[in-house]
Amino acid sequence: MGASNSYFCITLKITFMKKTALVLGFLGCLGAFQANAQKVSKNAPAKKPAAAEVVKPNPSIFTIGSDAILQDEFLRQLNKNRKDKTTPTEAEIREYLDLYVNFKLKVKEAISMSLDTNPAFKSELAGYRKQLAAPYLNDKKVTEGLMQEAYDRMKSEVNASHILITVAPNASAKDTLEAYNKILDLRKRALKGESFDSLASKYSDDPSAKKNFGKLGWFTVFQMVYPFENMAYKTNKGDISAPFRTQFGYHIMRVNGNRAARGEIKVQHIMVRTGYGATPETLGNAKERIDAAYKEFQAGIPFDSLVEKYSQDDGSKGNKGVMNWVSSLSGYPDEFKDVCFSLKPGETSKPFATDYGYHMVKYVEFRPLGEMKDVQDVIKNKVTRDSRSEGSKTAVIARVKKENNYRENTANLNEFASKLDTSFIKGTWKFDETKVVSKPLFTIGNVTYTTHDFGKYLEGNQDVHEKENAAMVAKNQFTTWASDKCLAYEESILETKYPEFKNIMTEYHDGILLFDLTDRKVWSKAINDTAGLEAYYEAYKTKYMWKDRVHYQTYNCLDAKTKEAAMKMFKAGKPEADIFKKLNKKVSNALIAKDHKAEKTDATAAKLWDAKGVVDITEADANKFYNVLGIIAPEPKSLKEAKGLVTSDYQEYLMLEWVKELRAKYPVVVNEAALLDLTK
């Protein structure tokens, strides 16, 4: 069963873990729990036993006062701490029983002291619950599909141009249709042969289109909003897409090219800054500087030296010009990335310009796109932070609505939204519930939300939506609000739906309580109770004994002459005070002494163990000698010398005394028959 304190699987302020901490094996337990959570989160609630199914008896293993600890709880905790999954022996069970009884006694004491009502405790437990609930509120299958899609797209890059006609997400039907017809007309003109570049420059609402003709250059996954990325990867080279909508409005897209992903390259970099829109004089001076660097490089001057002399890139100069990995996802100008990826091993570029200055780059290392297992953590992080993660959330919401008989009253919503005035789209609307009849908007499970609930939500979450339709804004916000309430409802019933979630939350509840109370009763008390610690030391100081030690002094001398004179006077029997007075008269600290007491395990002590008097040992520091005073018999260490061990033992002593008090305060009754059943 292992150490006496490894008896449940939960985290207790891990950063404050001590030798006597009550939790071991947390990571393994939590990993298994989260994997199981992902598994059950995509399935319907566990089925109830059929009418004919025999329910296994679940007797109590022991009681503490009126509290019964049932067999399934005890066995579950026992098995978490056993590597061998065979039937436990009676000896194992009884050992664990003693530990688990002590654990439950401490939890009962914490509750009796109302520590579970402490705001700090409630806040900490709520934080853990939020983390533990997260896997249940995501659809694993959808998330894995999005991750695979992202990885597949990382293998290639797209070059595209687009035309944008802006329309607000909450625009009226009239404005939405007007924008759609406009983008549809532009697509028809492009399909008939008009220049896409000219149409983009003249009609696109993307401000950059006037300069770049709607050309976006090369991009890959995660660089564009998800609907735009989807269309880019689904449109063939040379084709013009159908109109599609993003948060910015309606687009059409022309795919100009596709290419395989370029992987990542690491380069050394010299940069001479100009800044965007630099004057001809600044550009000329920068060009002269980068050309001088290139000329010296051609003459054989090492690139590292040129970085130090010429580079103005503060980000890489301190690393000899070596930059972080450059990829297509990197935010550098396309022309910079193109030059980097054109380099062959050992090659250095000629000077080239970007909007930010002049550059030279030297090939350092290249690596291709890794396998899925190598990049899945990065992809998962990006997916969960990206708008595409809404797909997983949407799947969960749909399941929750179906399982809990979600019912929406569209008529009441339309009536409420139609009465919103212009102050709502200005962000100054005030909800007056006395002027609004409370009517149901939707029901989830046994909870109904009304127009009053929604009105209060809107007042607290409004924003300026000029040129948008108030009713449309409200309906879109209703969708968000209702979805959040559905997820909140699901989260509120996790303990009811999933026994393993209920169990782990009970463990967190008890574990946090136990840590706080143990800290108060044992750990902090052992450190702060000076009188108690001293009394414990006096009672048990023979536990903290020195073995035989050699007592010697080290004499450090200014030079060989000082050493020779000092040793001669010591051997002649002159008093130490006279020797120090004479040798330190002209030069202060020409002779310095230090006292030592050390056991034979000490390297120097071992060399001096059988010696006596003045001893000179051949060693690296030639201007040093020793005076061996003799062997000291075993004696207790002082409290200061043994404080770490004494404090640890005092904590164990306080723990044992506390358990004795708890066992006297709360009667424990063991059900021997049920206990022995666990061995069968």
# chains A, B, ... in the order shown; residues from 1 in each chain; ligands from 1
call {"tool": "select_by_dssp", "arguments": {"residues": "segment 367-559 of chain A", "states": "strand (DSSP E)", "output": "NGL selection string"}}
result
:A and (367 or 407-408 or 440-444 or 447-450 or 549-557)
call {"tool": "atom_distance", "arguments": {"atom1": "atom CA of Val339 of chain A", "atom2": "atom CA of Ala260 of chain A"}}
result
16.6 Å
call {"tool": "atom_distance", "arguments": {"atom1": "atom CA of Ala398 of chain A", "atom2": "atom CA of Leu137 of chain A"}}
result
11.4 Å
call {"tool": "closest_residue", "arguments": {"among": "A:Ile592, A:Leu514, A:Ala664, A:Ala531", "to": "Leu639 of chain A", "atoms": "only C-alpha atoms"}}
result
A:Ala531
call {"tool": "select_by_dssp", "arguments": {"residues": "segment 211-306 of chain A", "states": "alpha helix (DSSP H)", "output": "VMD selection string"}}
result
chain A and resid 211 to 212 226 to 234 280 to 298 303 to 306
call {"tool": "write_last_selection", "arguments": {"atoms": "C-alpha atoms", "output": "PDB file, in the first residue's frame"}}
result
ATOM      1  CA  LYS A 211      -3.716  49.160 -53.395  1.00  0.00           C
ATOM      2  CA  ASN A 212      -3.441  45.374 -53.661  1.00  0.00           C
ATOM      3  CA  TYR A 226     -12.833  30.098 -40.438  1.00  0.00           C
ATOM      4  CA  PRO A 227     -15.591  30.610 -43.093  1.00  0.00           C
ATOM      5  CA  PHE A 228     -13.033  32.334 -45.350  1.00  0.00           C
ATOM      6  CA  GLU A 229     -10.517  29.530 -44.813  1.00  0.00           C
ATOM      7  CA  ASN A 230     -13.202  26.948 -45.614  1.00  0.00           C
ATOM      8  CA  MET A 231     -14.028  28.549 -48.939  1.00  0.00           C
ATOM      9  CA  ALA A 232     -10.345  28.943 -49.821  1.00  0.00           C
ATOM     10  CA  TYR A 233      -9.645  25.235 -49.367  1.00  0.00           C
ATOM     11  CA  LYS A 234     -12.834  24.169 -51.159  1.00  0.00           C
ATOM     12  CA  PRO A 280      14.766  58.553 -50.198  1.00  0.00           C
ATOM     13  CA  GLU A 281      17.696  59.732 -48.084  1.00  0.00           C
ATOM     14  CA  THR A 282      16.936  57.135 -45.363  1.00  0.00           C
ATOM     15  CA  LEU A 283      16.538  54.411 -47.975  1.00  0.00           C
ATOM     16  CA  GLY A 284      19.821  55.391 -49.604  1.00  0.00           C
ATOM     17  CA  ASN A 285      21.769  55.338 -46.342  1.00  0.00           C
ATOM     18  CA  ALA A 286      20.268  51.966 -45.415  1.00  0.00           C
ATOM     19  CA  LYS A 287      21.135  50.536 -48.832  1.00  0.00           C
ATOM     20  CA  GLU A 288      24.760  51.662 -48.456  1.00  0.00           C
ATOM     21  CA  ARG A 289      24.951  50.018 -45.017  1.00  0.00           C
ATOM     22  CA  ILE A 290      23.543  46.635 -46.129  1.00  0.00           C
ATOM     23  CA  ASP A 291      25.738  46.671 -49.242  1.00  0.00           C
ATOM     24  CA  ALA A 292      28.793  47.272 -47.042  1.00  0.00           C
ATOM     25  CA  ALA A 293      27.806  44.284 -44.914  1.00  0.00           C
ATOM     26  CA  TYR A 294      27.405  42.091 -47.991  1.00  0.00           C
ATOM     27  CA  LYS A 295      30.744  43.215 -49.403  1.00  0.00           C
ATOM     28  CA  GLU A 296      32.501  42.268 -46.150  1.00  0.00           C
ATOM     29  CA  PHE A 297      30.705  38.927 -46.168  1.00  0.00           C
ATOM     30  CA  GLN A 298      31.975  38.236 -49.691  1.00  0.00           C
ATOM     31  CA  PHE A 303      28.276  36.372 -40.613  1.00  0.00           C
ATOM     32  CA  ASP A 304      28.240  36.493 -36.769  1.00  0.00           C
ATOM     33  CA  SER A 305      30.647  39.440 -36.816  1.00  0.00           C
ATOM     34  CA  LEU A 306      28.588  41.241 -39.428  1.00  0.00           C
TER      35      LEU A 306
END
call {"tool": "residues_around", "arguments": {"residues": "segment 582-587 of chain A", "least_positions_apart": "6", "cutoff": "12 Å", "atoms": "only C-alpha atoms", "output": "count of residues only"}}
result
16
call {"tool": "residues_around", "arguments": {"residues": "Glu661 of chain A", "least_positions_apart": "3", "cutoff": "12 Å", "atoms": "only C-alpha atoms", "output": "number ranges by chain"}}
result
A: 102, 105-106, 109, 521, 654-658, 664-667
